[in-house]
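Next up, final-v8.pdb (PDB, C-alpha atoms):
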ATOM      1  CA  MET A 550      56.207 180.974  99.763
ATOM      2  CA  ASP A 551      56.621 180.371 103.452
ATOM      3  CA  LEU A 552      57.692 176.890 104.579
ATOM      4  CA  GLY A 553      57.254 177.616 108.234
ATOM      5  CA  GLU A 554      59.668 176.855 111.010
ATOM      6  CA  PRO A 555      62.392 174.287 110.474
ATOM      7  CA  PRO A 556      61.670 170.821 111.921
ATOM      8  CA  VAL A 557      63.018 170.067 115.378
ATOM      9  CA  LEU A 558      65.290 167.054 115.146
ATOM     10  CA  PRO A 559      66.001 164.884 118.191
ATOM     11  CA  TYR A 560      69.298 165.633 119.863
ATOM     12  CA  LEU A 561      71.450 163.121 121.675
ATOM     13  CA  ARG A 562      74.165 164.467 123.919
ATOM     14  CA  LEU A 563      77.159 162.143 124.157
ATOM     15  CA  PRO A 564      79.443 162.244 127.182
ATOM     16  CA  GLU A 565      82.956 163.530 126.811
ATOM     17  CA  PRO A 566      85.508 160.810 126.039
ATOM     18  CA  VAL A 567      87.697 159.497 128.831
ATOM     19  CA  LEU A 568      91.205 160.859 128.582
ATOM     20  CA  LEU A 569      93.680 157.978 128.445
ATOM     21  CA  PRO A 570      97.439 158.400 128.660
ATOM     22  CA  ARG A 571      99.241 158.120 125.389
ATOM     23  CA  PRO A 572     100.746 154.621 125.003
ATOM     24  CA  ILE A 573     104.497 154.415 124.923
ATOM     25  CA  LEU A 574     105.637 151.977 122.294
ATOM     26  CA  ASP A 575     109.193 150.756 121.861
ATOM     27  CA  VAL A 576     110.748 151.105 118.485
ATOM     28  CA  PRO A 577     110.635 147.685 116.831
ATOM     29  CA  SER A 578     113.947 145.961 116.353
ATOM     30  CA  ALA A 579     114.938 143.017 114.226
ATOM     31  CA  ASP A 580     117.547 140.375 114.815
ATOM     32  CA  ILE A 581     119.716 140.358 111.736
ATOM     33  CA  PRO A 582     120.531 136.800 110.725
ATOM     34  CA  SER A 583     124.155 135.898 110.782
ATOM     35  CA  TYR A 584     126.182 132.782 110.199
ATOM     36  CA  LYS A 585     129.678 131.535 110.723
ATOM     37  CA  PRO A 586     131.331 131.028 107.369
ATOM     38  CA  LEU A 587     132.139 127.443 106.548
ATOM     39  CA  VAL A 588     135.810 126.973 105.918
ATOM     40  CA  VAL A 589     136.459 124.384 103.238
ATOM     41  CA  PRO A 590     140.064 123.255 103.047
ATOM     42  CA  PRO A 591     141.618 123.070  99.614
ATOM     43  CA  SER A 592     141.891 119.692  97.932
ATOM     44  CA  ASN A 593     145.706 119.806  97.973
ATOM     45  CA  LEU A 594     146.030 120.448 101.726
ATOM     46  CA  ARG A 595     149.337 119.226 103.188
ATOM     47  CA  PRO A 596     150.808 119.466 106.673
ATOM     48  CA  PRO A 597     153.434 122.149 107.292
ATOM     49  CA  PRO A 598     157.085 121.139 106.830
ATOM     50  CA  GLY A 599     158.508 119.217 109.771
ATOM     51  CA  ILE A 600     155.137 117.741 110.925
ATOM     52  CA  LYS A 601     154.368 114.183 110.110
ATOM     53  CA  GLY A 602     150.728 113.591 109.310
ATOM     54  CA  THR A 603     148.732 110.416 108.965
ATOM     55  CA  THR A 604     147.295 109.283 105.701
ATOM     56  CA  PRO A 605     143.766 107.933 105.429
ATOM     57  CA  SER A 606     145.057 104.460 104.534
ATOM     58  CA  GLU A 607     146.794 104.188 107.955
ATOM     59  CA  GLN A 608     143.616 104.890 109.907
ATOM     60  CA  PRO A 609     141.360 101.904 110.655
ATOM     61  CA  PRO A 610     137.966 102.150 108.925
ATOM     62  CA  ALA A 611     135.271 103.266 111.325
ATOM     63  CA  LYS A 612     132.427 100.792 111.726
ATOM     64  CA  PRO A 613     129.012 102.345 111.508
ATOM     65  CA  ARG A 614     127.194 102.228 114.790
ATOM     66  CA  VAL A 615     124.190  99.918 114.692
ATOM     67  CA  PRO A 616     121.287 100.898 116.940
ATOM     68  CA  GLN A 617     120.449  98.242 119.485
ATOM     69  CA  VAL A 618     116.789  97.390 119.960
ATOM     70  CA  PRO A 619     115.986  96.529 123.578
ATOM     71  CA  GLN A 620     114.680  92.953 123.706
ATOM     72  CA  ALA A 621     113.180  90.674 126.260
ATOM     73  CA  PRO A 622     115.438  87.730 127.104
ATOM     74  CA  SER A 623     113.306  85.031 125.411
ATOM     75  CA  VAL A 624     112.202  86.883 122.276
ATOM     76  CA  PRO A 625     113.353  85.254 119.019
ATOM     77  CA  THR A 626     114.957  87.595 116.511
ATOM     78  CA  VAL A 627     115.604  87.632 112.783
ATOM     79  CA  ARG A 628     118.688  89.284 111.321
ATOM     80  CA  ILE A 629     117.971  91.531 108.322
ATOM     81  CA  PRO A 630     120.213  90.515 105.418
ATOM     82  CA  THR A 631     123.106  92.835 104.502
ATOM     83  CA  THR A 632     122.745  94.665 107.822
ATOM     84  CA  GLU A 633     123.626  93.938 111.397
ATOM     85  CA  ILE A 634     120.141  94.722 112.711
ATOM     86  CA  ASP A 635     118.167  92.114 114.640
ATOM     87  CA  VAL A 636     114.386  92.475 114.546
ATOM     88  CA  PRO A 637     112.279  90.800 117.250
ATOM     89  CA  VAL A 638     109.681  88.336 115.971
ATOM     90  CA  PRO A 639     106.460  87.602 117.903
ATOM     91  CA  ASP A 640     105.757  84.170 119.294
ATOM     92  CA  GLY A 641     104.061  81.578 117.037
ATOM     93  CA  ILE A 642     100.850  81.666 119.088
ATOM     94  CA  VAL A 643     100.540  85.432 118.603
ATOM     95  CA  LEU A 644     101.159  85.131 114.844
ATOM     96  CA  THR A 645      98.595  82.325 114.539
ATOM     97  CA  THR A 646      95.980  84.327 116.416
ATOM     98  CA  ALA A 647      96.558  87.434 114.284
ATOM     99  CA  ALA A 648      96.411  85.481 111.011
ATOM    100  CA  THR A 649      93.248  83.615 112.035
ATOM    101  CA  THR A 650      91.550  86.848 113.061
ATOM    102  CA  ALA A 651      92.442  88.498 109.757
ATOM    103  CA  VAL A 652      91.164  85.553 107.678
ATOM    104  CA  VAL A 653      87.892  85.321 109.609
ATOM    105  CA  SER A 654      87.194  89.051 109.369
ATOM    106  CA  VAL A 655      87.858  89.159 105.618
ATOM    107  CA  ALA A 656      85.716  86.056 105.015
ATOM    108  CA  ALA A 657      82.853  87.488 107.085
ATOM    109  CA  THR A 658      82.989  90.808 105.236
ATOM    110  CA  LEU A 659      82.981  89.186 101.794
ATOM    111  CA  THR A 660      80.162  86.797 102.768
ATOM    112  CA  ALA A 661      78.016  89.596 104.218
ATOM    113  CA  THR A 662      78.567  91.732 101.108
ATOM    114  CA  SER A 663      77.545  88.974  98.693
ATOM    115  CA  LEU A 664      74.541  88.033 100.886
ATOM    116  CA  PHE A 665      73.359  91.647 100.987
ATOM    117  CA  LYS A 666      73.651  91.973  97.194
ATOM    118  CA  TRP A 667      71.686  88.740  96.717
ATOM    119  CA  LEU A 668      68.962  89.895  99.125
ATOM    120  CA  VAL A 669      68.623  93.228  97.323
ATOM    121  CA  THR A 670      68.286  91.427  93.990
ATOM    122  CA  ALA A 671      65.733  88.936  95.374
ATOM    123  CA  MET A 672      63.607  91.435  97.319
ATOM    124  CA  LYS A 673      63.502  94.219  94.729
ATOM    125  CA  PRO A 674      60.560  92.720  92.725
ATOM    126  CA  ILE A 675      58.623  92.002  95.925
ATOM    127  CA  PHE A 676      59.018  95.551  97.193
ATOM    128  CA  LYS A 677      58.172  96.963  93.777
ATOM    129  CA  THR A 678      54.942  94.929  93.555
ATOM    130  CA  ALA A 679      53.931  95.873  97.096
ATOM    131  CA  TRP A 680      54.634  99.555  96.429
ATOM    132  CA  THR A 681      52.556  99.464  93.239
ATOM    133  CA  LYS A 682      49.572  97.849  95.074
ATOM    134  CA  ILE A 683      49.793 100.369  97.931
ATOM    135  CA  THR A 684      49.882 103.363  95.615
ATOM    136  CA  LYS A 685      46.972 102.001  93.508
ATOM    137  CA  LYS A 686      44.898 101.458  96.654
ATOM    138  CA  LYS A 687      45.589 105.003  97.861
ATOM    139  CA  ALA A 688      44.776 106.440  94.444
ATOM    140  CA  SER A 689      41.467 104.577  94.248
ATOM    141  CA  SER A 690      40.443 105.478  97.822
ATOM    142  CA  SER A 691      41.355 109.135  97.380
ATOM    143  CA  SER A 692      39.458 109.386  94.057
ATOM    144  CA  SER A 693      36.240 107.938  95.564
ATOM    145  CA  SER A 694      36.343 110.204  98.600
ATOM    146  CA  SER A 695      37.082 113.291  96.528
ATOM    147  CA  SER A 696      33.867 112.959  94.527
ATOM    148  CA  GLY A 697      31.914 114.116  97.584
ATOM    149  CA  PRO A 698      28.501 112.981  98.885
ATOM    150  CA  GLN A 699      26.018 111.867  96.279
ATOM    151  CA  ASP A 700      22.355 112.881  96.311
ATOM    152  CA  SER A 701      19.874 110.046  96.125
TER     153      SER A 701
END

Using structure tokens, write down the structure from this file.
Amino acid sequence: MDLGEPPVLPYLRLPEPVLLPRPILDVPSADIPSYKPLVVPPSNLRPPPGIKGTTPSEQPPAKPRVPQVPQAPSVPTVRIPTTEIDVPVPDGIVLTTAATTAVVSVAATLTATSLFKWLVTAMKPIFKTAWTKITKKKASSSSSSSSGPQDS
């Protein structure tokens, strides 16, 4: 049985690749972590003989440093109890304005929410009735037009 000549397949000649120089890479290195050992003195540490040291009771207690808040010259301040920190307090007019704004915004939000809920409750039957009438009208008009022309 002779199958004939083999099929001729298409041939695509690709160009030779461009010769690039071989990249030179440095050997990776790592920084080894190191630390200085912490020297903890023993609990029974004493000065060498012949040297007079001071005991902790002779040293005055160090007062903790309190951060100072920069203030304008006429700003009233309130001292926080059990600390030495003064906190600036806004003027009475500013506090009154902020409180009034907060009360009005909360009242408006609560009123609008309750009004919207009431409107939804009141309008729901009206919308439902209107929707029912509209869908009945469409159903009746589509059923009469779908019957087609009548012969007389």

Separation of atom CA of Pro619 of chain A from atom CA of Glu633 of chain A, in Å and rounded to one decimal: 14.6 Å

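What separates atom CA of Pro625 of chain A from atom CA of Gly641 of chain A is a distance of 10.2 Å.
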
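Applied to the file shown here, the PyMOL selection byres ((chain A and resi 638) around 6) selects Pro625, Thr626, Pro637 and Pro639 of chain A.
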
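The residues returned by the PyMOL selection byres ((chain A and resi 618) around 10) on the shown structure are A:Val615, A:Pro616, A:Gln617, A:Pro619, A:Gln620, A:Ala621, A:Ile634, A:Asp635, A:Val636, A:Pro637.
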
Hey, can I get the axis-aligned box for segment 646-658 of chain A? All listed atoms, 3 Å padding on each side, centre and edge lengths in Å to one decimal, as AutoDock Vina command-line options.
--center_x 89.7 --center_y 87.2 --center_z 110.7 --size_x 19.7 --size_y 13.2 --size_z 17.4

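Put simply, atom CA of Ser691 of chain A is 22.3 Å away from atom CA of Phe676 of chain A.
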
Write out as CSV the residues of segment 571-680 of chain A that have any atom within 12 Å of an atom of segment 685-690 of chain A, one row each with the nearest atom pair and its distance in Å to one decimal, counting all atoms listed in the file, sorted by chain and then rising number.
residue,atom,partner,partner_atom,distance
A:Thr678,CA,A:Lys685,CA,10.7
A:Ala679,CA,A:Lys685,CA,9.9
A:Trp680,CA,A:Lys685,CA,8.6
